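Enquirer: One file is attached below, entry-v7.json, containing JSON, C-alpha atoms.
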```
[["chain", "number", "residue", "atom", "x", "y", "z"],
["A", 278, "MET", "CA", 36.39, -34.61, -8.34],
["A", 279, "SER", "CA", 34.45, -36.35, -5.59],
["A", 280, "LEU", "CA", 30.75, -35.70, -5.14],
["A", 281, "ILE", "CA", 30.31, -33.75, -1.87],
["A", 282, "GLY", "CA", 27.31, -34.61, 0.24],
["A", 283, "PHE", "CA", 25.69, -33.66, 3.54],
["A", 284, "HIS", "CA", 25.29, -36.11, 6.42],
["A", 285, "ALA", "CA", 22.01, -35.95, 8.34],
["A", 286, "SER", "CA", 22.50, -37.24, 11.89],
["A", 287, "HIS", "CA", 19.23, -38.56, 13.32],
["A", 288, "GLU", "CA", 20.84, -39.09, 16.73],
["A", 289, "GLN", "CA", 21.51, -35.38, 17.13],
["A", 290, "ILE", "CA", 18.69, -33.47, 15.45],
["A", 291, "SER", "CA", 14.90, -33.79, 15.38],
["A", 292, "PRO", "CA", 13.45, -35.18, 12.12],
["A", 293, "GLN", "CA", 11.67, -31.96, 11.08],
["A", 294, "GLN", "CA", 14.72, -29.80, 11.72],
["A", 295, "LEU", "CA", 16.92, -32.32, 9.95],
["A", 296, "LEU", "CA", 14.67, -32.17, 6.89],
["A", 297, "GLU", "CA", 14.97, -28.38, 6.84],
["A", 298, "ASP", "CA", 18.75, -28.67, 7.28],
["A", 299, "THR", "CA", 18.99, -31.02, 4.32],
["A", 300, "GLN", "CA", 16.95, -28.70, 2.14],
["A", 301, "ARG", "CA", 19.23, -25.84, 3.18],
["A", 302, "ALA", "CA", 22.28, -27.98, 2.34],
["A", 303, "GLU", "CA", 20.95, -28.57, -1.16],
["A", 304, "ALA", "CA", 20.45, -24.82, -1.67],
["A", 305, "ALA", "CA", 24.00, -24.20, -0.42],
["A", 306, "GLY", "CA", 25.51, -26.49, -3.05],
["A", 307, "PHE", "CA", 25.78, -29.91, -1.44],
["A", 308, "GLU", "CA", 25.20, -32.51, -4.16],
["A", 309, "ALA", "CA", 23.74, -35.43, -2.20],
["A", 310, "ALA", "CA", 22.90, -36.55, 1.33],
["A", 311, "MET", "CA", 23.05, -39.57, 3.58],
["A", 312, "CYS", "CA", 21.65, -40.31, 7.02],
["A", 313, "SER", "CA", 22.16, -42.55, 10.00],
["A", 314, "ASP", "CA", 19.54, -45.11, 11.13],
["A", 315, "HIS", "CA", 19.31, -45.26, 14.94],
["A", 316, "ILE", "CA", 16.68, -46.01, 17.53],
["A", 317, "GLU", "CA", 19.01, -44.74, 20.28],
["A", 318, "PRO", "CA", 21.38, -41.77, 20.31],
["A", 319, "TRP", "CA", 24.95, -42.38, 21.45],
["A", 320, "SER", "CA", 24.49, -40.02, 24.40],
["A", 321, "HIS", "CA", 21.84, -38.03, 26.24],
["A", 322, "ALA", "CA", 23.49, -34.84, 24.95],
["A", 323, "GLN", "CA", 22.63, -35.92, 21.40],
["A", 324, "GLY", "CA", 19.10, -36.73, 22.46],
["A", 325, "HIS", "CA", 17.20, -37.62, 19.25],
["A", 326, "SER", "CA", 16.20, -40.70, 17.26],
["A", 327, "GLY", "CA", 13.99, -40.14, 14.24],
["A", 328, "PHE", "CA", 12.96, -43.13, 12.10],
["A", 329, "ALA", "CA", 15.24, -43.00, 9.08],
["A", 330, "TRP", "CA", 13.08, -44.87, 6.57],
["A", 331, "SER", "CA", 9.98, -42.67, 6.84],
["A", 332, "TRP", "CA", 12.20, -39.58, 6.94],
["A", 333, "LEU", "CA", 13.94, -40.70, 3.72],
["A", 334, "GLY", "CA", 10.64, -40.72, 1.86],
["A", 335, "ALA", "CA", 10.02, -37.12, 2.88],
["A", 336, "ALA", "CA", 13.58, -36.05, 2.11],
["A", 337, "LEU", "CA", 13.59, -37.63, -1.34],
["A", 338, "ALA", "CA", 10.19, -36.10, -2.14],
["A", 339, "THR", "CA", 11.14, -32.57, -1.09],
["A", 340, "THR", "CA", 14.65, -32.28, -2.54],
["A", 341, "GLY", "CA", 16.38, -33.26, -5.76],
["A", 342, "LEU", "CA", 19.25, -34.92, -3.92],
["A", 343, "SER", "CA", 20.23, -38.58, -3.95],
["A", 344, "PHE", "CA", 20.24, -40.22, -0.51],
["A", 345, "GLY", "CA", 21.76, -43.16, 1.28],
["A", 346, "THR", "CA", 21.52, -44.66, 4.74],
["A", 347, "VAL", "CA", 23.62, -47.01, 6.86],
["A", 348, "THR", "CA", 21.41, -49.67, 8.42],
["A", 349, "ALA", "CA", 21.60, -53.14, 10.00],
["A", 350, "PRO", "CA", 19.44, -56.06, 8.83],
["A", 351, "GLY", "CA", 19.04, -59.18, 10.92],
["A", 352, "TYR", "CA", 17.83, -57.89, 14.29],
["A", 353, "ARG", "CA", 15.67, -54.77, 14.65],
["A", 354, "TYR", "CA", 14.85, -55.14, 10.94],
["A", 355, "HIS", "CA", 14.35, -58.49, 9.29],
["A", 356, "PRO", "CA", 16.20, -58.40, 5.93],
["A", 357, "VAL", "CA", 12.87, -58.90, 4.15],
["A", 358, "VAL", "CA", 11.72, -55.59, 5.66],
["A", 359, "VAL", "CA", 14.92, -53.85, 4.53],
["A", 360, "ALA", "CA", 14.53, -55.32, 1.03],
["A", 361, "HIS", "CA", 10.91, -54.14, 0.90],
["A", 362, "ALA", "CA", 11.67, -50.62, 2.18],
["A", 363, "ALA", "CA", 14.65, -50.13, -0.13],
["A", 364, "ALA", "CA", 12.74, -51.43, -3.15],
["A", 365, "THR", "CA", 9.84, -49.04, -2.51],
["A", 366, "LEU", "CA", 12.21, -46.04, -2.37],
["A", 367, "GLY", "CA", 13.92, -47.38, -5.49],
["A", 368, "VAL", "CA", 10.62, -47.55, -7.37],
["A", 369, "MET", "CA", 9.51, -44.08, -6.27],
["A", 370, "PHE", "CA", 12.88, -42.37, -6.77],
["A", 371, "PRO", "CA", 14.83, -44.29, -9.44],
["A", 372, "GLY", "CA", 18.58, -43.92, -9.23],
["A", 373, "ARG", "CA", 18.45, -41.65, -6.17],
["A", 374, "PHE", "CA", 18.73, -44.07, -3.25],
["A", 375, "TRP", "CA", 21.39, -46.44, -1.91],
["A", 376, "PHE", "CA", 21.72, -48.23, 1.40],
["A", 377, "ALA", "CA", 24.58, -49.70, 3.39],
["A", 378, "PRO", "CA", 23.69, -52.82, 5.41],
["A", 379, "GLY", "CA", 26.17, -53.43, 8.22],
["A", 380, "SER", "CA", 26.60, -55.86, 11.09],
["A", 381, "GLY", "CA", 25.14, -53.36, 13.56],
["A", 382, "GLU", "CA", 25.70, -52.13, 17.09],
["A", 383, "HIS", "CA", 24.21, -53.59, 20.25],
["A", 384, "LEU", "CA", 23.03, -50.06, 21.15],
["A", 385, "ASN", "CA", 20.42, -50.19, 18.39],
["A", 386, "GLU", "CA", 19.75, -53.87, 17.94],
["A", 387, "ARG", "CA", 19.21, -54.92, 21.57],
["A", 388, "VAL", "CA", 15.58, -53.71, 21.33],
["A", 389, "SER", "CA", 14.79, -56.77, 19.21],
["A", 390, "GLY", "CA", 15.32, -58.94, 22.29],
["A", 391, "HIS", "CA", 17.70, -61.26, 20.45],
["A", 392, "PRO", "CA", 20.98, -62.23, 22.16],
["A", 393, "TRP", "CA", 23.85, -60.17, 20.74],
["A", 394, "PRO", "CA", 26.16, -62.59, 18.89],
["A", 395, "PRO", "CA", 29.94, -62.34, 18.47],
["A", 396, "LYS", "CA", 31.30, -60.44, 15.49],
["A", 397, "GLU", "CA", 31.94, -63.46, 13.26],
["A", 398, "VAL", "CA", 28.33, -64.60, 13.65],
["A", 399, "ARG", "CA", 27.16, -61.05, 12.93],
["A", 400, "GLN", "CA", 29.22, -61.07, 9.75],
["A", 401, "VAL", "CA", 27.63, -64.36, 8.65],
["A", 402, "ILE", "CA", 24.18, -62.94, 9.39],
["A", 403, "LEU", "CA", 25.09, -59.92, 7.26],
["A", 404, "GLU", "CA", 26.20, -62.15, 4.39],
["A", 405, "GLU", "CA", 22.92, -64.04, 4.51],
["A", 406, "SER", "CA", 20.93, -60.80, 4.77],
["A", 407, "ILE", "CA", 22.64, -59.29, 1.73],
["A", 408, "ASP", "CA", 21.99, -62.47, -0.24],
["A", 409, "VAL", "CA", 18.28, -62.47, 0.68],
["A", 410, "ILE", "CA", 17.92, -58.77, -0.19],
["A", 411, "GLN", "CA", 19.72, -59.11, -3.52],
["A", 412, "ARG", "CA", 17.62, -62.10, -4.54],
["A", 413, "MET", "CA", 14.38, -60.35, -3.64],
["A", 414, "HIS", "CA", 15.50, -57.27, -5.57],
["A", 415, "ARG", "CA", 15.97, -59.51, -8.61],
["A", 416, "GLY", "CA", 12.32, -60.52, -8.29],
["A", 417, "GLU", "CA", 12.95, -63.97, -6.83],
["A", 418, "THR", "CA", 10.73, -65.68, -4.28],
["A", 419, "VAL", "CA", 13.10, -66.51, -1.43],
["A", 420, "THR", "CA", 12.90, -69.29, 1.10],
["A", 421, "HIS", "CA", 15.96, -69.39, 3.33],
["A", 422, "HIS", "CA", 16.58, -71.15, 6.65],
["A", 423, "ARG", "CA", 19.94, -70.68, 8.34],
["A", 424, "HIS", "CA", 20.74, -67.80, 10.70],
["A", 425, "ILE", "CA", 18.06, -65.86, 8.82],
["A", 426, "SER", "CA", 14.72, -67.46, 7.97],
["A", 427, "THR", "CA", 12.33, -66.47, 5.20],
["A", 428, "ASP", "CA", 9.32, -68.27, 3.78],
["A", 429, "SER", "CA", 8.43, -67.53, 0.15],
["A", 430, "ALA", "CA", 9.39, -63.88, 0.50],
["A", 431, "ARG", "CA", 9.02, -61.70, -2.58],
["A", 432, "ILE", "CA", 8.66, -58.08, -3.62],
["A", 433, "TRP", "CA", 5.82, -57.25, -5.98],
["A", 434, "ASP", "CA", 7.15, -53.83, -6.97],
["A", 435, "VAL", "CA", 10.73, -54.44, -8.00],
["A", 436, "PRO", "CA", 12.66, -51.29, -9.02],
["A", 437, "GLU", "CA", 13.73, -51.23, -12.66],
["A", 438, "THR", "CA", 16.90, -49.40, -11.63],
["A", 439, "PRO", "CA", 18.70, -51.62, -9.06],
["A", 440, "VAL", "CA", 19.19, -50.04, -5.65],
["A", 441, "PRO", "CA", 22.95, -50.05, -4.90],
["A", 442, "ILE", "CA", 24.12, -51.92, -1.81],
["A", 443, "ILE", "CA", 27.15, -50.31, -0.17],
["A", 444, "VAL", "CA", 28.91, -52.20, 2.62],
["A", 445, "PRO", "CA", 30.14, -50.28, 5.70],
["A", 446, "ALA", "CA", 33.74, -51.16, 6.55],
["A", 447, "LEU", "CA", 36.19, -49.90, 9.15],
["A", 448, "THR", "CA", 39.01, -52.36, 8.38],
["A", 449, "PRO", "CA", 40.65, -53.87, 5.29],
["A", 450, "LYS", "CA", 39.48, -57.31, 6.47],
["A", 451, "THR", "CA", 35.82, -56.32, 6.13],
["A", 452, "VAL", "CA", 36.51, -54.82, 2.71],
["A", 453, "GLN", "CA", 38.18, -58.04, 1.59],
["A", 454, "ARG", "CA", 35.25, -60.12, 2.81],
["A", 455, "PHE", "CA", 32.41, -58.17, 1.20],
["A", 456, "ALA", "CA", 33.83, -56.21, -1.75],
["A", 457, "ALA", "CA", 32.89, -58.70, -4.43],
["A", 458, "ARG", "CA", 29.34, -59.13, -3.07],
["A", 459, "VAL", "CA", 28.21, -55.50, -3.20],
["A", 460, "ASP", "CA", 28.13, -52.34, -5.31],
["A", 461, "GLY", "CA", 30.47, -50.27, -3.17],
["A", 462, "PHE", "CA", 31.86, -49.59, 0.29],
["A", 463, "ILE", "CA", 31.64, -46.76, 2.81],
["A", 464, "THR", "CA", 34.04, -45.90, 5.61],
["A", 465, "VAL", "CA", 34.83, -42.96, 7.89],
["A", 466, "ASN", "CA", 37.77, -40.57, 8.08],
["A", 467, "GLN", "CA", 40.96, -42.27, 9.24],
["A", 468, "PRO", "CA", 44.68, -41.61, 8.64],
["A", 469, "LEU", "CA", 45.29, -41.23, 4.89],
["A", 470, "ASP", "CA", 47.49, -44.34, 4.68],
["A", 471, "ASP", "CA", 44.75, -46.47, 6.23],
["A", 472, "LEU", "CA", 42.14, -45.07, 3.86],
["A", 473, "LYS", "CA", 44.44, -45.61, 0.88],
["A", 474, "ARG", "CA", 44.90, -49.26, 1.85],
["A", 475, "MET", "CA", 41.16, -49.86, 2.23],
["A", 476, "LEU", "CA", 40.45, -48.16, -1.07],
["A", 477, "GLY", "CA", 43.10, -50.28, -2.77],
["A", 478, "GLU", "CA", 41.70, -53.49, -1.30],
["A", 479, "PHE", "CA", 38.24, -52.60, -2.56],
["A", 480, "GLN", "CA", 39.31, -51.53, -6.05],
["A", 481, "GLU", "CA", 41.33, -54.75, -6.46],
["A", 482, "ARG", "CA", 38.23, -56.84, -5.78],
["A", 483, "ASN", "CA", 35.57, -54.59, -7.30],
["A", 484, "PRO", "CA", 37.13, -52.21, -9.85],
["A", 485, "SER", "CA", 33.81, -50.74, -10.98],
["A", 486, "GLY", "CA", 32.31, -50.29, -7.49],
["A", 487, "ARG", "CA", 31.71, -46.95, -5.83],
["A", 488, "SER", "CA", 33.75, -45.75, -2.87],
["A", 489, "VAL", "CA", 32.19, -43.54, -0.21],
["A", 490, "LEU", "CA", 33.75, -41.65, 2.71],
["A", 491, "GLN", "CA", 31.98, -40.04, 5.65],
["A", 492, "VAL", "CA", 33.97, -37.24, 7.29],
["A", 493, "HIS", "CA", 33.24, -36.20, 10.86],
["A", 494, "LEU", "CA", 34.20, -32.58, 11.47],
["A", 495, "SER", "CA", 33.64, -29.75, 13.91],
["A", 496, "TRP", "CA", 33.69, -26.14, 12.77],
["A", 497, "ALA", "CA", 32.81, -22.92, 14.58],
["A", 498, "GLU", "CA", 33.91, -19.32, 14.46],
["A", 499, "THR", "CA", 36.51, -19.96, 17.21],
["A", 500, "GLU", "CA", 38.74, -22.92, 18.02],
["A", 501, "ASP", "CA", 37.37, -23.12, 21.55],
["A", 502, "ILE", "CA", 33.78, -23.48, 20.37],
["A", 503, "ALA", "CA", 34.75, -26.02, 17.70],
["A", 504, "TRP", "CA", 36.45, -28.14, 20.37],
["A", 505, "GLN", "CA", 33.53, -27.69, 22.76],
["A", 506, "LEU", "CA", 31.05, -28.91, 20.14],
["A", 507, "ALA", "CA", 33.17, -31.95, 19.33],
["A", 508, "SER", "CA", 33.60, -32.83, 22.98],
["A", 509, "GLU", "CA", 29.94, -32.43, 23.93],
["A", 510, "GLN", "CA", 28.50, -34.20, 20.90],
["A", 511, "TRP", "CA", 31.03, -36.72, 19.60],
["A", 512, "ARG", "CA", 33.38, -37.80, 22.41],
["A", 513, "THR", "CA", 31.21, -40.91, 22.80],
["A", 514, "ASN", "CA", 31.87, -41.82, 19.16],
["A", 515, "VAL", "CA", 35.65, -42.15, 19.04],
["A", 516, "LEU", "CA", 35.91, -45.35, 21.08],
["A", 517, "GLU", "CA", 37.49, -48.42, 19.52],
["A", 518, "PRO", "CA", 35.19, -50.17, 16.99],
["A", 519, "PRO", "CA", 34.79, -53.35, 19.10],
["A", 520, "GLN", "CA", 33.58, -51.21, 22.01],
["A", 521, "MET", "CA", 31.24, -49.25, 19.75],
["A", 522, "ALA", "CA", 29.61, -52.49, 18.60],
["A", 523, "GLU", "CA", 29.24, -54.07, 22.04],
["A", 524, "LEU", "CA", 28.01, -51.29, 24.36],
["A", 525, "SER", "CA", 24.26, -51.32, 24.83],
["A", 526, "THR", "CA", 23.10, -47.98, 26.27],
["A", 527, "PRO", "CA", 23.93, -44.28, 25.97],
["A", 528, "ALA", "CA", 24.96, -44.33, 29.64],
["A", 529, "GLU", "CA", 27.63, -46.95, 28.89],
["A", 530, "PHE", "CA", 29.01, -44.81, 26.07],
["A", 531, "GLU", "CA", 29.02, -41.75, 28.31],
["A", 532, "ALA", "CA", 30.89, -43.58, 31.07],
["A", 533, "LEU", "CA", 33.66, -44.75, 28.74],
["A", 534, "SER", "CA", 33.88, -41.42, 26.95],
["A", 535, "ARG", "CA", 35.08, -39.76, 30.15],
["A", 536, "GLU", "CA", 38.43, -41.46, 29.53],
["A", 537, "VAL", "CA", 38.76, -40.04, 26.01],
["A", 538, "ASP", "CA", 41.42, -37.32, 25.78],
["A", 539, "ASP", "CA", 41.63, -34.54, 23.21],
["A", 540, "ASP", "CA", 44.24, -36.36, 21.12],
["A", 541, "THR", "CA", 41.92, -39.33, 20.73],
["A", 542, "LEU", "CA", 38.98, -37.05, 19.96],
["A", 543, "ALA", "CA", 41.02, -35.42, 17.18],
["A", 544, "THR", "CA", 41.67, -38.81, 15.56],
["A", 545, "GLY", "CA", 37.96, -39.19, 14.86],
["A", 546, "VAL", "CA", 36.87, -35.60, 14.25],
["A", 547, "ASN", "CA", 38.58, -32.92, 12.16],
["A", 548, "ILE", "CA", 38.38, -29.98, 14.57],
["A", 549, "THR", "CA", 39.31, -26.47, 13.45],
["A", 550, "ALA", "CA", 37.84, -23.01, 13.00],
["A", 551, "ASP", "CA", 39.94, -22.62, 9.83],
["A", 552, "LEU", "CA", 37.70, -23.14, 6.82],
["A", 553, "GLY", "CA", 40.73, -23.30, 4.55],
["A", 554, "ARG", "CA", 42.12, -26.18, 6.58],
["A", 555, "HIS", "CA", 38.82, -28.05, 6.30],
["A", 556, "ALA", "CA", 39.00, -27.61, 2.51],
["A", 557, "GLU", "CA", 42.58, -28.91, 2.47],
["A", 558, "LEU", "CA", 41.62, -32.02, 4.43],
["A", 559, "ILE", "CA", 38.63, -32.77, 2.20],
["A", 560, "ASN", "CA", 40.79, -32.31, -0.91],
["A", 561, "GLU", "CA", 43.30, -34.79, 0.55],
["A", 562, "TYR", "CA", 40.54, -37.38, 0.95],
["A", 563, "ALA", "CA", 39.30, -36.70, -2.56],
["A", 564, "ALA", "CA", 42.82, -37.10, -3.97],
["A", 565, "LEU", "CA", 42.84, -40.69, -2.72],
["A", 566, "GLY", "CA", 40.08, -41.45, -5.22],
["A", 567, "PHE", "CA", 36.84, -41.60, -3.22],
["A", 568, "ASP", "CA", 33.81, -41.17, -5.48],
["A", 569, "GLU", "CA", 31.63, -39.57, -2.81],
["A", 570, "ILE", "CA", 32.45, -37.68, 0.41],
["A", 571, "TYR", "CA", 29.74, -36.85, 2.96],
["A", 572, "LEU", "CA", 30.47, -34.11, 5.50],
["A", 573, "HIS", "CA", 29.11, -34.51, 9.02],
["A", 574, "HIS", "CA", 29.40, -31.43, 11.21],
["A", 575, "VAL", "CA", 29.02, -32.89, 14.71],
["A", 576, "GLY", "CA", 27.24, -29.84, 16.14],
["A", 577, "GLN", "CA", 23.46, -29.77, 16.51],
["A", 578, "ASP", "CA", 22.96, -26.35, 14.88],
["A", 579, "GLN", "CA", 23.72, -27.07, 11.23],
["A", 580, "THR", "CA", 22.86, -23.65, 9.79],
["A", 581, "PRO", "CA", 26.23, -21.90, 10.39],
["A", 582, "PHE", "CA", 28.10, -24.94, 9.06],
["A", 583, "ILE", "CA", 25.96, -25.26, 5.94],
["A", 584, "ASP", "CA", 26.16, -21.56, 5.11],
["A", 585, "ALA", "CA", 29.90, -21.24, 5.78],
["A", 586, "PHE", "CA", 30.87, -24.39, 3.89],
["A", 587, "GLY", "CA", 28.55, -23.55, 1.02],
["A", 588, "GLU", "CA", 30.12, -20.13, 0.61],
["A", 589, "HIS", "CA", 33.76, -20.76, 1.50],
["A", 590, "VAL", "CA", 34.63, -24.48, 1.41],
["A", 591, "LEU", "CA", 32.71, -26.10, -1.44],
["A", 592, "PRO", "CA", 34.17, -23.63, -3.99],
["A", 593, "GLN", "CA", 37.70, -24.66, -2.89],
["A", 594, "LEU", "CA", 37.15, -28.36, -3.43],
["A", 595, "GLY", "CA", 38.77, -29.87, -6.46],
["A", 596, "SER", "CA", 41.20, -26.98, -6.75]]
```
Let me see the file written as structure tokens.
Expert:
Amino acid sequence: MSLIGFHASHEQISPQQLLEDTQRAEAAGFEAAMCSDHIEPWSHAQGHSGFAWSWLGAALATTGLSFGTVTAPGYRYHPVVVAHAAATLGVMFPGRFWFAPGSGEHLNERVSGHPWPPKEVRQVILEESIDVIQRMHRGETVTHHRHISTDSARIWDVPETPVPIIVPALTPKTVQRFAARVDGFITVNQPLDDLKRMLGEFQERNPSGRSVLQVHLSWAETEDIAWQLASEQWRTNVLEPPQMAELSTPAEFEALSREVDDDTLATGVNITADLGRHAELINEYAALGFDEIYLHHVGQDQTPFIDAFGEHVLPQLGS
């Protein structure tokens, strides 16, 4: 049975409320949590942007859950900073933290002032960043001068329990490129055949690695409200991946999202008021073999979702 976790969306909810939501999720039976790492929301309707790394310290200290975050070294964060932050959480909370360094989105990384490179260059920067972080986490002093530059960078408090590095991937090609370099991979809900292929590609190259799935969903007491929540909060987030990586402001996402129809929205968000159907879908993902599944209700009020899923959905999982 897959571990079932709660996704904390910093773009949609204020940091204090999100901390309370995560504590409530733990009490409701969720086994772990993960969070996003944004400096911009995807839209003005989402409207929030707490700093993930300071929030993670508070969340780890006030719950017993394990946590992960998806982040992007190389622009807004130098990889030395990511290595340092992750190591500190690893020392303070052994075995309870993982992070997923990705190639990033222009929306978040433009604030660094660096020109936004094409995807292949971003992938090379990610490879170098992962290498620098892994070496520093082994206690090495790292000098590196290519796309990324470091000068005698080291961490003085190296965690005894290594902090897992999980690569974000939306395509089999990314899985193939990074699987052997990292401890696991994370992706988002897609058609089952696509997920099965990605999982197979990863397991072929890294049989002992962990596989993680984030599931976007919208639930409410009526179908109309479930669809309304998905449309208001997540229509900006079902654009094609190349667009998602290249757009630079919430306004640009909002403009393109006006062309998104309900069929497209439903490809990225599981939308239904039927709790039994949500349980069926999650069980289908789990049957593929994912080790961990994190549920992201795309509404801003998490309390009804947490309570309903804790009482009615989590007990159905694995059955």
Enquirer: Measure the distance from atom CA of A:Met311 to atom CA of A:Arg415 in Å and round it to one decimal.
Expert: 24.4 Å
Enquirer: Between atom CA of A:Gly372 and atom CA of A:Thr580, what is the distance, to one decimal in Å?
Expert: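 Going from atom CA of A:Gly372 over to atom CA of A:Thr580 covers 28.1 Å.
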Enquirer: Sorted by chain and rising residue number, list the residues of stretch 375-422 of chain A at most 9 Å from stretch 351-361 of chain A (counting only C-alpha atoms), each with its closest atom pair and distance in Å to one decimal, as JSON lines.
Expert:
```
{"residue": "A:Pro378", "atom": "CA", "partner": "A:Val359", "partner_atom": "CA", "distance": 8.9}
{"residue": "A:Ser380", "atom": "CA", "partner": "A:Gly351", "partner_atom": "CA", "distance": 8.3}
{"residue": "A:Gly381", "atom": "CA", "partner": "A:Tyr352", "partner_atom": "CA", "distance": 8.6}
{"residue": "A:Asn385", "atom": "CA", "partner": "A:Arg353", "partner_atom": "CA", "distance": 7.6}
{"residue": "A:Glu386", "atom": "CA", "partner": "A:Arg353", "partner_atom": "CA", "distance": 5.3}
{"residue": "A:Arg387", "atom": "CA", "partner": "A:Arg353", "partner_atom": "CA", "distance": 7.8}
{"residue": "A:Val388", "atom": "CA", "partner": "A:Arg353", "partner_atom": "CA", "distance": 6.8}
{"residue": "A:Ser389", "atom": "CA", "partner": "A:Arg353", "partner_atom": "CA", "distance": 5.1}
{"residue": "A:Gly390", "atom": "CA", "partner": "A:Tyr352", "partner_atom": "CA", "distance": 8.5}
{"residue": "A:His391", "atom": "CA", "partner": "A:Tyr352", "partner_atom": "CA", "distance": 7.0}
{"residue": "A:Arg399", "atom": "CA", "partner": "A:Gly351", "partner_atom": "CA", "distance": 8.6}
{"residue": "A:Ile402", "atom": "CA", "partner": "A:Gly351", "partner_atom": "CA", "distance": 6.5}
{"residue": "A:Leu403", "atom": "CA", "partner": "A:Gly351", "partner_atom": "CA", "distance": 7.1}
{"residue": "A:Glu405", "atom": "CA", "partner": "A:Pro356", "partner_atom": "CA", "distance": 8.9}
{"residue": "A:Ser406", "atom": "CA", "partner": "A:Pro356", "partner_atom": "CA", "distance": 5.4}
{"residue": "A:Ile407", "atom": "CA", "partner": "A:Pro356", "partner_atom": "CA", "distance": 7.7}
{"residue": "A:Val409", "atom": "CA", "partner": "A:Pro356", "partner_atom": "CA", "distance": 7.0}
{"residue": "A:Ile410", "atom": "CA", "partner": "A:Ala360", "partner_atom": "CA", "distance": 5.0}
{"residue": "A:Gln411", "atom": "CA", "partner": "A:Ala360", "partner_atom": "CA", "distance": 7.9}
{"residue": "A:Met413", "atom": "CA", "partner": "A:Ala360", "partner_atom": "CA", "distance": 6.9}
{"residue": "A:His414", "atom": "CA", "partner": "A:Ala360", "partner_atom": "CA", "distance": 7.0}
```
Enquirer: A:Ala550, A:Ala528, A:Leu516, A:Ala564: which is nearest A:Thr499, counting all atoms listed in the file?
Expert: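 Smallest separation from A:Thr499 among the options: A:Ala550.
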Enquirer: Identify which of the residues A:Gly477, A:Ala556, A:Leu280, A:Ala377 lies closest to A:Cys312, counting only C-alpha atoms when measuring atom-to-atom distances.
Expert: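 Looking at the shortest contact to A:Cys312, the residue is A:Ala377.
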Enquirer: Which one is closest to A:Thr348: A:Ile443, A:Ala310, A:Ala585, A:Ala457? Count only C-alpha atoms.
Expert: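 Going through A:Ile443, A:Ala310, A:Ala585, A:Ala457 one by one, the smallest distance to A:Thr348 is for A:Ile443.
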Enquirer: What's the 6 Å shell around A:Ser495, counting only C-alpha atoms, without same-chain residues fewer than 5 positions away, as a ChimeraX atom specification?
Expert: /A:503,507,548,574-575
Enquirer: Just C-alpha atoms for this one: save the residues we selected as a compact mmCIF listing (two decimals), in the frame of the given file.
Expert:
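Produced file result_23.txt, reproduced below:
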```txt
# COMPACT_ATOMS: atom_id res chain seq x y z
CA ALA A 503 34.75 -26.02 17.70
CA ALA A 507 33.17 -31.95 19.33
CA ILE A 548 38.38 -29.98 14.57
CA HIS A 574 29.40 -31.43 11.21
CA VAL A 575 29.02 -32.89 14.71
```
Enquirer: May I have the residues at most 6 Å from (19.6, -34.1, 8.8) in the file's coordinates, counting only C-alpha atoms, as a PDB file with C-alpha atoms, in the coordinates of the input?
Expert:
```
ATOM      1  CA  ALA A 285      22.010 -35.950   8.340  1.00  0.00           C
ATOM      2  CA  SER A 286      22.500 -37.240  11.890  1.00  0.00           C
ATOM      3  CA  LEU A 295      16.920 -32.320   9.950  1.00  0.00           C
ATOM      4  CA  LEU A 296      14.670 -32.170   6.890  1.00  0.00           C
ATOM      5  CA  ASP A 298      18.750 -28.670   7.280  1.00  0.00           C
ATOM      6  CA  THR A 299      18.990 -31.020   4.320  1.00  0.00           C
TER       7      THR A 299
END
```
Enquirer: Return as lines of an AutoDock Vina configuration file the box centre and box size in Å, one decimal, for an axis-aligned box around all listed atoms of stretch 544-557 of chain A padded by 6 Å per side.
Expert:
```
center_x = 39.7
center_y = -30.9
center_z = 9.0
size_x = 17.7
size_y = 28.6
size_z = 25.1
```
Enquirer: Please rebuild stretch 303-310 of chain A with N, CA and C atoms and return the result as an mmCIF file, in the coordinates of the input.
Expert:
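Okay, selection.cif is ready:
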```cif
data_model
loop_
_atom_site.group_PDB
_atom_site.id
_atom_site.type_symbol
_atom_site.label_atom_id
_atom_site.label_comp_id
_atom_site.auth_asym_id
_atom_site.auth_seq_id
_atom_site.Cartn_x
_atom_site.Cartn_y
_atom_site.Cartn_z
ATOM 1 N N GLU A 303 21.093 -28.520 0.289
ATOM 2 C CA GLU A 303 20.950 -28.570 -1.160
ATOM 3 C C GLU A 303 21.055 -27.167 -1.754
ATOM 4 N N ALA A 304 20.396 -26.193 -1.158
ATOM 5 C CA ALA A 304 20.450 -24.820 -1.670
ATOM 6 C C ALA A 304 21.856 -24.237 -1.584
ATOM 7 N N ALA A 305 22.641 -24.709 -0.607
ATOM 8 C CA ALA A 305 24.000 -24.200 -0.420
ATOM 9 C C ALA A 305 25.014 -24.833 -1.364
ATOM 10 N N GLY A 306 24.611 -25.893 -2.079
ATOM 11 C CA GLY A 306 25.510 -26.490 -3.050
ATOM 12 C C GLY A 306 25.947 -27.907 -2.783
ATOM 13 N N PHE A 307 25.487 -28.503 -1.671
ATOM 14 C CA PHE A 307 25.780 -29.910 -1.440
ATOM 15 C C PHE A 307 25.039 -30.729 -2.501
ATOM 16 N N GLU A 308 25.695 -31.787 -2.990
ATOM 17 C CA GLU A 308 25.200 -32.510 -4.160
ATOM 18 C C GLU A 308 24.381 -33.748 -3.829
ATOM 19 N N ALA A 309 24.420 -34.196 -2.599
ATOM 20 C CA ALA A 309 23.740 -35.430 -2.200
ATOM 21 C C ALA A 309 23.642 -35.425 -0.683
ATOM 22 N N ALA A 310 23.009 -36.450 -0.119
ATOM 23 C CA ALA A 310 22.900 -36.550 1.330
ATOM 24 C C ALA A 310 22.865 -38.013 1.741
#
```
